Structure formats: C-alpha cells, structure tokens
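Undergrad: Encoded as structure tokens, here's the structure I'll be asking about.
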Amino acid sequence: MLLDAIRAEGFRLSKSRTTWFWSVFFAPILSLIFGIIGVVFLKANEAQIAAQTDIPPEVIAMMANAPINLVTEIVTAAGKLDSILLLPFVLIGAATLYAADYRWETWRLISARNSRTNLLLGKLAIAALLSLIAIVVMLLSGVAETFIRAATFDRTLTFDITGEAVGGFFALGGLSFLRVMQFTMLALLTAVVTRSLLAALFVPLVVAVAQFFSPQLFLTMGMQPDAWLPVLANPSGAIDALKAIASGAGAALPEGLALKAWVSMALWTLLPIAGAMFWFNRQDLSKE
C-alpha cells in the first residue's frame, strides 16, 4: 500500500540526522547569520552610509525609521523561498531519498513487499514533506532576522493582516514550494536513470544553470523571452511571471504569458515524474 511506503520512507528519514541538518537547517542558519552580519554592519556604519548620495533602495529601506509590517515581510519572504541558497541543500535530502536504495542495493529487498509505483510515490511524498519543512524553517529564519533588524534600528513592528496579504502569502509560498519540488523531481528522474546519488544531486543544478542562460541563447536565435519555446525551456522565468501575477503586477506582463508559464510549470513538474515511473517499472533491480 502507498501508506505503508510513505511510513517506511518517513521512518528511514527520521533516523538520518545528517540529512535533516543539511537539507532543513543548514541553509536557514546560514541565511540568518548573513542577515545578522548585514544588520550589524549597517548599524555600525550608519552615519557614513547615510552621508552617501547613491545608497541602494534596499539599504535605505533597512535603515529607515518607519515601522516594519511583519505581514508584508512574511509575504515578501514567501516569494523568495525557492532561493539558490536553499535549493542545493534540499537536493541533498532528495538525492539521498531517491538514490540510497541503489547505493546500498536494497531495492531487491523492499520491492518484494510493495508495488514499484507505491515505493516511488512514497519517496516523492516524503521528499515533498522534507521540502515543505525546509521552506517553513527558511521562512522562520527570515522572521527572526526581521525581529533582529527591528531591535537593532529601534523600529516598531506592526501586524497589519488583510485578506489580500493572506492570499498573496499562500500563492507565493505555493509557487516557491512548487519550484523546489521541480528540482526534487529532476533528482528523482536522474536517480532512477543513472542509479547514482551524485548524479541525482548535481544534474538538477546543471539543468538550472542551463535554464538561467537559456533566455540569452534564444535571443541570439531571434526569439523573444515571452515566446512559447523560451518560456517552456525556462521554468524559473515562468515561476517569476506567475509570482508577478500573484503579487498584483500581472498587468505589466505580455499578453498570453500566464498560460505559457502554467504550461511550462506543468511540463517540468509532471514529465520527470512520468519518466521516472516509466523507467523504474521496467528497470532490472537485480543488477544494482
């Protein structure tokens, strides 16, 4: 049964403290440390920075005396949870989940107790749970940094919650979670095809780099960034477009981009799962 597969994968993951540290806690801790260092540096050099005429808007916002709306900070942070700082470390946990049974040659033992589809879906469910916990901890890290910033610059905190803010939080957070899951699904496909933990870790990162540079490549071919092929090839750009729509800035986007972005997200989400299922169900697990 699928529930048995999920329970088994959850139990195995609960015993891996190293995976929990690197996948869930390391990036938020590092982010918080960098945030504190930045706040302390700005406070120590406040007078010199204020005397400059070309201060970046982000720095001005951090040093302003106006109250900080914690709700706005949380909503903004929700749209940045799929950051490049978090993704590689979530991939550590995902690659471990997907490829460990190849490394330790245990597939032949557990595949006799459940269907291959259930076993793979169980791993995917636990990877989704791990990713969700990681982005929640990352969000809490950002909230902690906001409290520290408010205390350092003597700024009051407000909590002006509205229905629009709640909707924006879930929309942006959901899109960030979907982007993180896309990386774990690429890791799943890579693990099944290559049977390698290192490949499952690094191939999604290589694909992400290729996606980042794809708009420039298509421009040299005479294609605009909002054309079908560039959007389909770059899910990162597609997710940014959907986040802009969720933030209320969709009117500035080219007509039809929303549909292209949703199709791009669907393809990059569903195709890796379908490919992994197809390959795994036909794989000879006696040759690990």
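Labels for the structure tokens follow display order: chains A, B, ..., residues from 1 in each chain, ligands from 1.
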Find the residues near Lys43 in chain A: any atom within 10 Å, counting only C-alpha atoms, skip ones fewer than 4 places away on the same chain, and give them as a PyMOL selection string.
TA: chain A and resi 37-39+47+49+62-63+149+152-153
Undergrad: List as a Markdown table every residue of range 80-180 of chain A that is in contact with range 259-281 of chain A, defined as an atom at most 10 Å from one of its atoms (using only C-alpha atoms), together with the nearest atom pair and the distance in Å rounded to one decimal, sorted by chain and then rising number.
TA:
```
| residue | atom | partner | partner_atom | distance |
| --- | --- | --- | --- | --- |
| A:Ser115 | CA | A:Asn281 | CA | 9.2 |
| A:Arg116 | CA | A:Asn281 | CA | 6.3 |
| A:Thr117 | CA | A:Met277 | CA | 6.7 |
| A:Leu120 | CA | A:Met277 | CA | 7.5 |
| A:Leu121 | CA | A:Met277 | CA | 8.9 |
| A:Leu124 | CA | A:Ile273 | CA | 9.0 |
| A:Leu175 | CA | A:Met265 | CA | 9.6 |
| A:Leu178 | CA | A:Thr269 | CA | 8.0 |
| A:Arg179 | CA | A:Met265 | CA | 8.3 |
```
Undergrad: For Phe89 in chain A, list every protein, DNA or RNA residue within 6 Å, evaluated using only C-alpha atoms, and leave out those in the same chain fewer than 3 positions away; present the list as a short mmCIF file (atom, residue, chain, number, x, y, z; two decimals) with N, CA, C and O atoms, in the first residue's frame.
TA:
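Listed below is the output, part.cif:
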```cif
data_model
loop_
_atom_site.label_atom_id
_atom_site.label_comp_id
_atom_site.auth_asym_id
_atom_site.auth_seq_id
_atom_site.Cartn_x
_atom_site.Cartn_y
_atom_site.Cartn_z
N TRP A 22 21.56 19.06 6.95
CA TRP A 22 21.96 19.72 5.72
C TRP A 22 20.77 20.16 4.88
O TRP A 22 20.82 21.22 4.23
N SER A 23 19.71 19.37 4.85
CA SER A 23 18.57 19.69 3.98
C SER A 23 17.61 20.71 4.58
O SER A 23 16.99 21.48 3.85
N LEU A 86 18.82 27.79 -0.76
CA LEU A 86 18.12 26.63 -0.19
C LEU A 86 18.13 25.41 -1.11
O LEU A 86 18.27 24.27 -0.65
N ILE A 92 20.13 17.63 -1.42
CA ILE A 92 20.89 16.60 -0.68
C ILE A 92 19.94 15.57 -0.10
O ILE A 92 20.14 14.36 -0.24
#
```
Undergrad: Report as a PyMOL selection string: the residues of range 45-285 of chain A with a DSSP assignment of helix (DSSP H, G or I), based on the backbone of this structure.
TA: chain A and resi 46-50+57-63+70-78+87-103+107-110+116-152+163-194+197-220+228-233+235-246+250-252+257-281
Undergrad: With distances taken over only C-alpha atoms, which residue among A:Gln224, A:Thr156, A:Ser176, A:Thr190 lies nearest Asn65 in chain A?
TA: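 Smallest distance to Asn65 in chain A is found for A:Thr156.
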Undergrad: Record the distance separating CA of Ala210 in chain A and CA of Ala258 in chain A, expressed in Å with one decimal.
TA: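 The value is 22.3 Å.
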